[in-house]
$ cat run.cif   # mmCIF, C-alpha atoms
data_final
#
loop_
_atom_site.label_atom_id
_atom_site.label_comp_id
_atom_site.auth_asym_id
_atom_site.auth_seq_id
_atom_site.Cartn_x
_atom_site.Cartn_y
_atom_site.Cartn_z
CA MET A 981 -9.24 77.85 70.16
CA LYS A 982 -6.42 75.56 71.17
CA LYS A 983 -8.89 72.77 71.79
CA PHE A 984 -10.38 73.30 68.35
CA LEU A 985 -6.98 73.06 66.65
CA VAL A 986 -6.19 69.78 68.44
CA THR A 987 -9.50 68.35 67.26
CA ILE A 988 -8.74 69.39 63.67
CA LEU A 989 -5.28 67.76 63.85
CA ILE A 990 -6.74 64.48 65.16
CA ILE A 991 -9.26 64.43 62.31
CA VAL A 992 -6.53 65.03 59.69
CA ILE A 993 -4.37 62.22 61.10
CA PHE A 994 -7.35 59.86 61.18
CA VAL A 995 -8.26 60.63 57.53
CA PHE A 996 -4.64 60.14 56.48
CA LEU A 997 -4.39 56.73 58.16
CA LEU A 998 -7.74 55.64 56.76
CA SER A 999 -6.73 56.59 53.22
CA ARG A 1000 -3.57 54.48 53.56
CA LEU A 1001 -5.57 51.47 54.57
CA MET A 1002 -7.99 51.83 51.67
CA VAL A 1003 -5.29 51.97 48.96
CA GLN A 1004 -5.21 48.63 47.03
CA LYS A 1005 -1.87 46.85 46.98
CA PRO A 1006 -0.48 46.49 43.45
CA GLU A 1007 -0.46 42.95 42.02
CA PRO A 1008 3.05 41.49 41.89
CA ASN A 1009 4.64 41.38 38.44
CA VAL A 1010 4.29 37.61 37.81
CA ASP A 1011 4.40 35.88 34.42
CA TYR A 1012 1.56 33.33 34.39
CA SER A 1013 2.28 31.99 30.88
CA VAL A 1014 3.27 28.33 30.68
CA GLU A 1015 6.04 27.16 28.41
CA GLU A 1016 4.76 24.24 26.34
CA GLN A 1017 7.13 21.32 26.41
CA PRO A 1018 7.96 19.85 22.98
CA LYS A 1019 6.13 16.59 22.31
CA GLU A 1020 8.10 13.55 21.24
CA VAL A 1021 6.29 13.26 17.92
CA ALA A 1022 8.99 11.12 16.36
CA ASN A 1023 8.59 8.50 19.05
CA ILE A 1024 4.82 8.43 18.57
CA GLU A 1025 5.22 8.06 14.82
CA ASP A 1026 7.79 5.33 15.22
CA GLU A 1027 5.44 3.49 17.55
CA THR A 1028 2.60 3.81 15.02
CA GLU A 1029 4.81 2.53 12.21
CA ASP A 1030 5.94 -0.38 14.38
CA LYS A 1031 2.32 -1.29 15.13
CA GLU A 1032 1.41 -1.12 11.43
CA GLU A 1033 4.42 -3.22 10.49
CA GLU A 1034 3.54 -5.74 13.21
CA LYS A 1035 -0.10 -5.87 12.09
CA TYR A 1036 0.89 -6.68 8.53
CA SER A 1037 3.67 -9.12 9.35
CA PHE A 1038 3.19 -12.45 7.64
CA GLU A 1039 4.49 -15.94 7.14
CA TYR A 1040 4.24 -18.31 4.21
CA SER A 1041 2.02 -21.36 3.77
CA ASP A 1042 2.27 -24.05 1.14
CA ILE A 1043 -0.13 -25.99 -1.02
CA HIS A 1044 1.20 -29.28 -2.35
CA PHE A 1045 -0.98 -31.35 -4.63
CA SER A 1046 -0.46 -34.39 -6.78
CA HIS A 1047 -2.96 -36.40 -8.75
CA SER A 1048 -3.44 -39.29 -11.14
CA PRO A 1049 -2.16 -42.84 -10.78
CA ASN A 1050 1.36 -41.94 -11.83
CA ASP A 1051 1.51 -38.53 -10.08
CA LEU A 1052 1.55 -36.78 -13.44
CA ILE A 1053 0.12 -33.60 -11.90
CA LYS A 1054 2.48 -31.97 -9.43
CA VAL A 1055 1.62 -28.61 -7.91
CA SER A 1056 3.50 -26.50 -5.36
CA ILE A 1057 2.11 -23.09 -4.40
CA THR A 1058 3.49 -20.81 -1.69
CA TYR A 1059 1.41 -17.87 -0.48
CA PRO A 1060 1.51 -15.38 2.43
CA GLN A 1061 -0.69 -15.47 5.52
CA PHE A 1062 -0.83 -12.46 7.85
CA LYS A 1063 -0.28 -13.18 11.52
CA ASP A 1064 -2.84 -10.73 12.90
CA GLU A 1065 -6.06 -12.60 13.79
CA LYS A 1066 -8.11 -9.60 12.59
CA LEU A 1067 -6.88 -10.34 9.06
CA ALA A 1068 -8.12 -13.94 9.07
CA THR A 1069 -10.73 -13.23 6.39
CA LEU A 1070 -8.07 -11.59 4.22
CA ASN A 1071 -5.93 -14.70 4.63
CA THR A 1072 -8.82 -16.83 3.40
CA LYS A 1073 -9.23 -14.56 0.36
CA ILE A 1074 -5.52 -14.90 -0.46
CA GLU A 1075 -5.61 -18.68 -0.14
CA ASP A 1076 -8.77 -18.94 -2.26
CA PHE A 1077 -7.17 -16.69 -4.89
CA ALA A 1078 -4.07 -18.89 -5.10
CA LYS A 1079 -6.16 -22.04 -5.41
CA SER A 1080 -8.53 -20.54 -7.98
CA ASN A 1081 -5.67 -19.73 -10.36
CA PHE A 1082 -4.54 -23.34 -10.28
CA LYS A 1083 -8.10 -24.62 -10.75
CA GLU A 1084 -8.48 -22.33 -13.75
CA ILE A 1085 -5.45 -23.97 -15.38
CA ILE A 1086 -6.83 -27.51 -15.07
CA ASN A 1087 -10.42 -26.51 -15.79
CA ASP A 1088 -11.92 -28.31 -18.79
CA GLU A 1089 -8.97 -30.72 -18.73
CA ASN A 1090 -9.11 -34.45 -18.11
CA VAL A 1091 -7.10 -34.67 -14.89
CA ASP A 1092 -6.72 -38.42 -15.28
CA THR A 1093 -4.60 -37.97 -18.41
CA LEU A 1094 -3.24 -34.46 -17.79
CA GLU A 1095 0.48 -34.17 -17.23
CA LEU A 1096 1.80 -30.96 -15.73
CA THR A 1097 4.12 -29.45 -13.15
CA LEU A 1098 3.27 -26.11 -11.57
CA GLU A 1099 5.37 -24.10 -9.15
CA GLU A 1100 4.20 -20.65 -8.01
CA THR A 1101 5.18 -18.26 -5.20
CA TYR A 1102 3.12 -15.28 -4.08
CA SER A 1103 4.89 -12.36 -2.39
CA VAL A 1104 3.60 -9.33 -0.49
CA LYS A 1105 4.72 -6.20 -2.35
CA LEU A 1106 2.82 -3.62 -0.30
CA ALA A 1107 0.64 -3.86 2.80
CA ASN A 1108 -1.11 -1.05 4.66
CA GLU A 1109 -4.59 -0.20 5.92
CA LYS A 1110 -5.77 0.83 2.44
CA LEU A 1111 -4.12 -1.61 0.06
CA VAL A 1112 -2.51 -5.03 0.10
CA SER A 1113 -0.70 -5.77 -3.16
CA ILE A 1114 0.44 -9.34 -3.81
CA ALA A 1115 2.13 -10.73 -6.92
CA SER A 1116 3.27 -14.17 -7.95
CA THR A 1117 6.06 -15.62 -10.03
CA GLY A 1118 5.85 -19.16 -11.30
CA GLU A 1119 6.24 -21.65 -14.07
CA LEU A 1120 3.93 -24.16 -15.68
CA THR A 1121 5.21 -27.15 -17.61
CA LYS A 1122 2.75 -29.19 -19.66
CA LYS A 1123 3.29 -32.12 -21.96
CA ASP A 1124 1.72 -30.29 -24.91
CA LEU A 1125 3.86 -27.13 -24.47
CA ALA A 1126 7.16 -26.80 -26.29
CA TYR A 1127 8.61 -24.91 -23.33
CA PRO A 1128 7.33 -23.78 -19.91
CA SER A 1129 4.73 -21.02 -19.53
CA VAL A 1130 5.45 -18.10 -17.24
CA LEU A 1131 2.89 -17.50 -14.48
CA ARG A 1132 2.13 -14.01 -13.18
CA ASN A 1133 -0.88 -13.48 -10.95
CA VAL A 1134 -1.69 -10.31 -9.04
CA LEU A 1135 -4.06 -9.48 -6.20
CA ASN A 1136 -4.75 -5.88 -5.13
CA VAL A 1137 -7.25 -5.84 -2.31
CA ASP A 1138 -8.67 -3.60 0.41
CA PRO A 1139 -7.73 -5.35 3.69
CA MET A 1140 -10.82 -3.94 5.43
CA ASP A 1141 -13.67 -4.86 3.06
CA PHE A 1142 -11.71 -7.29 0.82
CA ARG A 1143 -12.73 -5.52 -2.37
CA ARG A 1144 -10.37 -6.13 -5.27
CA PHE A 1145 -9.05 -3.04 -7.02
CA LYS A 1146 -9.06 -2.72 -10.80
CA ILE A 1147 -6.06 -1.26 -12.58
CA GLU A 1148 -7.90 2.02 -13.31
CA GLU A 1149 -8.52 2.46 -9.58
CA ILE A 1150 -4.76 2.56 -9.02
CA ILE A 1151 -3.45 4.55 -11.98
CA THR A 1152 -4.93 6.86 -14.61
CA ILE A 1153 -4.37 5.42 -18.06
CA ASN A 1154 -4.50 8.11 -20.75
CA SER A 1155 -2.48 9.15 -23.82
CA ASP A 1156 0.26 10.70 -21.66
CA PHE A 1157 0.59 7.51 -19.67
CA VAL A 1158 0.85 5.50 -22.89
CA LYS A 1159 3.74 7.73 -23.92
CA LEU A 1160 5.47 7.12 -20.57
CA PHE A 1161 4.83 3.39 -20.87
CA LYS A 1162 6.35 3.26 -24.35
CA GLU A 1163 9.42 5.22 -23.23
CA THR A 1164 9.94 2.88 -20.29
CA SER A 1165 9.27 -0.22 -22.39
CA ALA A 1166 11.95 0.79 -24.88
CA GLU A 1167 14.50 -0.46 -22.34
CA ASN A 1168 13.30 -3.99 -23.18
CA GLU A 1169 14.19 -4.71 -26.81
CA GLN A 1170 11.63 -7.49 -27.25
CA LEU A 1171 8.77 -5.49 -25.78
CA GLY A 1172 9.75 -2.36 -27.71
CA ALA A 1173 9.69 -4.29 -30.98
CA TYR A 1174 6.36 -5.89 -30.09
CA LEU A 1175 4.72 -2.53 -29.24
CA SER A 1176 5.94 -0.93 -32.46
CA SER A 1177 3.26 -2.79 -34.41
CA PHE A 1178 0.40 -1.24 -32.42
CA SER A 1179 -1.18 2.20 -32.34
CA ASP A 1180 -1.27 4.20 -29.11
CA GLU A 1181 -4.99 3.46 -28.76
CA GLU A 1182 -4.32 -0.28 -29.05
CA ILE A 1183 -1.49 -0.07 -26.51
CA GLN A 1184 -3.75 1.82 -24.11
CA SER A 1185 -6.34 -0.95 -24.41
CA LYS A 1186 -3.68 -3.60 -23.76
CA ILE A 1187 -2.46 -1.74 -20.66
CA GLN A 1188 -6.04 -1.65 -19.35
CA ASP A 1189 -6.16 -5.44 -19.78
CA SER A 1190 -2.85 -5.89 -17.96
CA LYS A 1191 -2.14 -6.69 -14.33
CA ILE A 1192 -0.57 -4.25 -11.89
CA TYR A 1193 1.08 -4.35 -8.50
CA ILE A 1194 2.83 -1.88 -6.23
CA ASP A 1195 6.42 -2.76 -5.43
CA GLY A 1196 7.37 -0.45 -2.57
CA GLU A 1197 7.16 2.98 -4.19
CA ASP A 1198 7.22 1.81 -7.81
CA VAL A 1199 4.34 0.63 -9.98
CA VAL A 1200 4.79 -2.53 -12.03
CA ILE A 1201 2.67 -3.30 -15.10
CA VAL A 1202 2.52 -7.01 -15.91
CA PHE A 1203 2.04 -6.75 -19.66
CA ASN A 1204 0.69 -9.66 -21.72
CA VAL A 1205 2.89 -10.70 -24.65
CA PRO A 1206 2.90 -13.74 -26.95
CA HIS A 1207 4.06 -17.03 -25.45
CA ALA A 1208 7.05 -17.01 -27.82
CA ILE A 1209 8.56 -13.97 -26.09
CA GLY A 1210 7.70 -14.88 -22.52
CA ASP A 1211 3.91 -14.67 -21.87
CA TYR A 1212 4.40 -11.61 -19.65
CA ILE A 1213 6.91 -8.78 -19.49
CA GLU A 1214 7.04 -6.59 -16.40
CA VAL A 1215 7.43 -2.84 -16.87
CA LYS A 1216 8.49 -1.04 -13.71
CA ILE A 1217 7.71 2.67 -13.58
CA ALA A 1218 9.62 4.57 -10.91
CA LYS A 1219 7.92 6.69 -8.26
CA GLU A 1220 9.11 10.02 -9.65
CA ASN A 1221 7.62 9.22 -13.07
CA ILE A 1222 4.35 7.59 -12.00
CA GLN A 1223 3.30 10.34 -9.57
CA PRO A 1224 1.08 12.33 -12.01
CA TYR A 1225 -0.90 9.19 -12.84
CA LEU A 1226 -1.58 7.83 -9.35
CA THR A 1227 -5.18 7.86 -8.20
CA GLU A 1228 -6.24 9.12 -4.78
CA LEU A 1229 -5.82 5.60 -3.43
CA LEU A 1230 -2.04 5.91 -3.64
CA LYS A 1231 -1.63 9.68 -3.60
CA GLU A 1232 -2.86 9.88 -0.02
CA GLU A 1233 -0.32 7.25 0.97
CA GLU A 1234 2.47 9.21 -0.70
CA GLU A 1235 1.47 12.41 1.15
CA LYS A 1236 1.81 10.64 4.49
CA GLU A 1237 5.40 9.58 3.78
#
$ encode --input "run.cif" --output "structure tokens"
Amino acid sequence: MKKFLVTILIIVIFVFLLSRLMVQKPEPNVDYSVEEQPKEVANIEDETEDKEEEKYSFEYSDIHFSHSPNDLIKVSITYPQFKDEKLATLNTKIEDFAKSNFKEIINDENVDTLELTLEETYSVKLANEKLVSIASTGELTKKDLAYPSVLRNVLNVDPMDFRRFKIEEIITINSDFVKLFKETSAENEQLGAYLSSFSDEEIQSKIQDSKIYIDGEDVVIVFNVPHAIGDYIEVKIAKENIQPYLTELLKEEEEKE
């Protein structure tokens, strides 16, 4: 009997020890989540803006031309040329545009007897990957003109495919826009008086025949007027007023800012 009890005790101890060995150790309480470090987004954006600004940096070139035995034709044209080699074709388009406007002036004229002086400067008003907007200021003096003519030429072009944008591709011209245009134009007494003789439909048609450029965040309409009151009058419409009339071309740019 004693021997039997000892055997039973040994078995109990063995089972107890075995059960201890088979118990799985609990996993330590460790937090495996990783704290995401904030990215320096501002620095990345600044770098992108710097690259864009560098890509569309430019310098000015000049065209000087004189003709006829007595140098009666004198032309001086200054125009921008972008420094980035990838924009070489765009530079050619800009140069050709500047030259074509001068050629249009002397077209059908006898250059041997023509007497004129032309000075014109083109400036970059806006340049990004979707739109390059360039506008000129200048003056043309001809012997048969009582006083100089004002020159205003505008080029709005896609820098990637070099397609020129029409005014309706930049802004929506409707009856509401005509109202805004008239309100803004009232600040110029001469233009206000000139517009008063036209109906809204006629003004809308004249706006559609006008030139346009983007000056920073504002839109400028280069409106044709009679030579007696200046040939062109510029109407600048501020960003906060032009917003409802911008097409997708400019709206997307505004959303990025």
$ closest_residue --input "run.cif" --among "A:Thr1072, A:Asn1133, A:Thr1058, A:Gln1188" --to "Glu1084 of chain A" --atoms "all atoms listed in the file"
A:Asn1133
$ resolve_selection --input "run.cif" --expression "the PyMOL selection byres ((chain A and resi 1142) around 10)" --output "PyMOL selection string"
chain A and resi 1069-1070+1073-1074+1111-1112+1136-1141+1143-1145
$ residues_around --input "run.cif" --residues "segment 1173-1175 of chain A" --least-positions-apart "6" --cutoff "10 Å" --atoms "all atoms listed in the file" --output "list in words"
Lys1162, Ser1165, Ala1166, Glu1182, Ile1183, Val1205, Pro1206 and Ile1209 of chain A
$ atom_distance --input "run.cif" --atom1 "atom CA of Tyr1225 of chain A" --atom2 "atom CA of Ser1116 of chain A"
24.2 Å
$ resolve_selection --input "run.cif" --expression "the PyMOL selection byres ((chain A and resi 1211-1220) around 8)" --output "PDB file with C-alpha atoms, keeping the file's coordinate frame"
ATOM      1  CA  SER A1129       4.730 -21.020 -19.530  1.00  0.00           C
ATOM      2  CA  VAL A1130       5.450 -18.100 -17.240  1.00  0.00           C
ATOM      3  CA  LEU A1131       2.890 -17.500 -14.480  1.00  0.00           C
ATOM      4  CA  ARG A1132       2.130 -14.010 -13.180  1.00  0.00           C
ATOM      5  CA  PHE A1161       4.830   3.390 -20.870  1.00  0.00           C
ATOM      6  CA  THR A1164       9.940   2.880 -20.290  1.00  0.00           C
ATOM      7  CA  SER A1165       9.270  -0.220 -22.390  1.00  0.00           C
ATOM      8  CA  LEU A1171       8.770  -5.490 -25.780  1.00  0.00           C
ATOM      9  CA  GLU A1197       7.160   2.980  -4.190  1.00  0.00           C
ATOM     10  CA  ASP A1198       7.220   1.810  -7.810  1.00  0.00           C
ATOM     11  CA  VAL A1199       4.340   0.630  -9.980  1.00  0.00           C
ATOM     12  CA  VAL A1200       4.790  -2.530 -12.030  1.00  0.00           C
ATOM     13  CA  ILE A1201       2.670  -3.300 -15.100  1.00  0.00           C
ATOM     14  CA  VAL A1202       2.520  -7.010 -15.910  1.00  0.00           C
ATOM     15  CA  PHE A1203       2.040  -6.750 -19.660  1.00  0.00           C
ATOM     16  CA  ASN A1204       0.690  -9.660 -21.720  1.00  0.00           C
ATOM     17  CA  VAL A1205       2.890 -10.700 -24.650  1.00  0.00           C
ATOM     18  CA  PRO A1206       2.900 -13.740 -26.950  1.00  0.00           C
ATOM     19  CA  HIS A1207       4.060 -17.030 -25.450  1.00  0.00           C
ATOM     20  CA  ALA A1208       7.050 -17.010 -27.820  1.00  0.00           C
ATOM     21  CA  ILE A1209       8.560 -13.970 -26.090  1.00  0.00           C
ATOM     22  CA  GLY A1210       7.700 -14.880 -22.520  1.00  0.00           C
ATOM     23  CA  ASN A1221       7.620   9.220 -13.070  1.00  0.00           C
ATOM     24  CA  ILE A1222       4.350   7.590 -12.000  1.00  0.00           C
ATOM     25  CA  GLN A1223       3.300  10.340  -9.570  1.00  0.00           C
TER      26      GLN A1223
END
$ atom_distance --input "run.cif" --atom1 "atom CA of Lys1146 of chain A" --atom2 "atom CA of Leu1160 of chain A"
20.1 Å
$ residues_around --input "run.cif" --residues "Val1055 of chain A" --least-positions-apart "2" --cutoff "7 Å" --atoms "only C-alpha atoms" --output "list in words"
His1044, Phe1045, Ser1046, Ile1053, Ile1057, Thr1097, Leu1098 and Glu1099 of chain A
$ write_last_selection --input "run.cif" --atoms "C-alpha atoms" --output "mmCIF file, in the frame of the given file"
data_model
loop_
_atom_site.group_PDB
_atom_site.id
_atom_site.type_symbol
_atom_site.label_atom_id
_atom_site.label_comp_id
_atom_site.auth_asym_id
_atom_site.auth_seq_id
_atom_site.Cartn_x
_atom_site.Cartn_y
_atom_site.Cartn_z
ATOM 1 C CA HIS A 1044 1.200 -29.280 -2.350
ATOM 2 C CA PHE A 1045 -0.980 -31.350 -4.630
ATOM 3 C CA SER A 1046 -0.460 -34.390 -6.780
ATOM 4 C CA ILE A 1053 0.120 -33.600 -11.900
ATOM 5 C CA ILE A 1057 2.110 -23.090 -4.400
ATOM 6 C CA THR A 1097 4.120 -29.450 -13.150
ATOM 7 C CA LEU A 1098 3.270 -26.110 -11.570
ATOM 8 C CA GLU A 1099 5.370 -24.100 -9.150
#
$ closest_residue --input "run.cif" --among "A:Leu1067, A:Lys1191, A:Phe1178, A:Asn1154" --to "Pro1224 of chain A" --atoms "all atoms listed in the file"
A:Asn1154
$ atom_distance --input "run.cif" --atom1 "atom CA of Ile1114 of chain A" --atom2 "atom CA of Tyr1193 of chain A"
6.9 Å
$ residues_around --input "run.cif" --residues "Gln1184 of chain A" --least-positions-apart "2" --cutoff "10 Å" --atoms "all atoms listed in the file" --output "ChimeraX atom specification"
/A:1153-1155,1157-1159,1161,1178-1182,1186-1190
$ write_last_selection --input "run.cif" --atoms "C-alpha atoms" --output "short mmCIF file (atom, residue, chain, number, x, y, z; two decimals), keeping the file's coordinate frame"
data_model
loop_
_atom_site.label_atom_id
_atom_site.label_comp_id
_atom_site.auth_asym_id
_atom_site.auth_seq_id
_atom_site.Cartn_x
_atom_site.Cartn_y
_atom_site.Cartn_z
CA ILE A 1153 -4.37 5.42 -18.06
CA ASN A 1154 -4.50 8.11 -20.75
CA SER A 1155 -2.48 9.15 -23.82
CA PHE A 1157 0.59 7.51 -19.67
CA VAL A 1158 0.85 5.50 -22.89
CA LYS A 1159 3.74 7.73 -23.92
CA PHE A 1161 4.83 3.39 -20.87
CA PHE A 1178 0.40 -1.24 -32.42
CA SER A 1179 -1.18 2.20 -32.34
CA ASP A 1180 -1.27 4.20 -29.11
CA GLU A 1181 -4.99 3.46 -28.76
CA GLU A 1182 -4.32 -0.28 -29.05
CA LYS A 1186 -3.68 -3.60 -23.76
CA ILE A 1187 -2.46 -1.74 -20.66
CA GLN A 1188 -6.04 -1.65 -19.35
CA ASP A 1189 -6.16 -5.44 -19.78
CA SER A 1190 -2.85 -5.89 -17.96
#
$ closest_atom_pairs --input "run.cif" --of "segment 1143-1219 of chain A" --to "segment 1103-1109 of chain A" --cutoff "8 Å" --atoms "all atoms listed in the file" --output "CSV"
residue,atom,partner,partner_atom,distance
A:Tyr1193,CA,A:Lys1105,CA,7.4
A:Ile1194,CA,A:Lys1105,CA,6.1
A:Asp1195,CA,A:Lys1105,CA,4.9
A:Gly1196,CA,A:Leu1106,CA,6.0
$ write_last_selection --input "run.cif" --atoms "C-alpha atoms" --output "PDB file, in the coordinates of the input"
ATOM      1  CA  TYR A1193       1.080  -4.350  -8.500  1.00  0.00           C
ATOM      2  CA  ILE A1194       2.830  -1.880  -6.230  1.00  0.00           C
ATOM      3  CA  ASP A1195       6.420  -2.760  -5.430  1.00  0.00           C
ATOM      4  CA  GLY A1196       7.370  -0.450  -2.570  1.00  0.00           C
TER       5      GLY A1196
END
$ resolve_selection --input "run.cif" --expression "the PyMOL selection byres ((chain A and resi 1229) around 9)" --output "ChimeraX atom specification"
/A:1110-1111,1149-1151,1226-1228,1230-1233
$ closest_residue --input "run.cif" --among "A:Asp1156, A:Asp1064, A:Glu1167, A:Asp1124" --to "Leu1094 of chain A" --atoms "all atoms listed in the file"
A:Asp1124
$ axis_aligned_box --input "run.cif" --around "segment 1183-1195 of chain A" --padding-each-side "5 Å" --output "lines of an AutoDock Vina configuration file"
center_x = 0.0
center_y = -2.4
center_z = -16.0
size_x = 22.8
size_y = 18.5
size_z = 31.1
$ residues_around --input "run.cif" --residues "Glu1039 of chain A" --least-positions-apart "3" --cutoff "12 Å" --atoms "only C-alpha atoms" --output "compact mmCIF listing (two decimals) with C-alpha atoms, in the coordinates of the input"
# COMPACT_ATOMS: atom_id res chain seq x y z
CA GLU A 1034 3.54 -5.74 13.21
CA TYR A 1036 0.89 -6.68 8.53
CA ASP A 1042 2.27 -24.05 1.14
CA THR A 1058 3.49 -20.81 -1.69
CA TYR A 1059 1.41 -17.87 -0.48
CA PRO A 1060 1.51 -15.38 2.43
CA GLN A 1061 -0.69 -15.47 5.52
CA PHE A 1062 -0.83 -12.46 7.85
CA LYS A 1063 -0.28 -13.18 11.52
CA ASP A 1064 -2.84 -10.73 12.90
CA ASN A 1071 -5.93 -14.70 4.63
CA TYR A 1102 3.12 -15.28 -4.08
CA SER A 1103 4.89 -12.36 -2.39
CA VAL A 1104 3.60 -9.33 -0.49
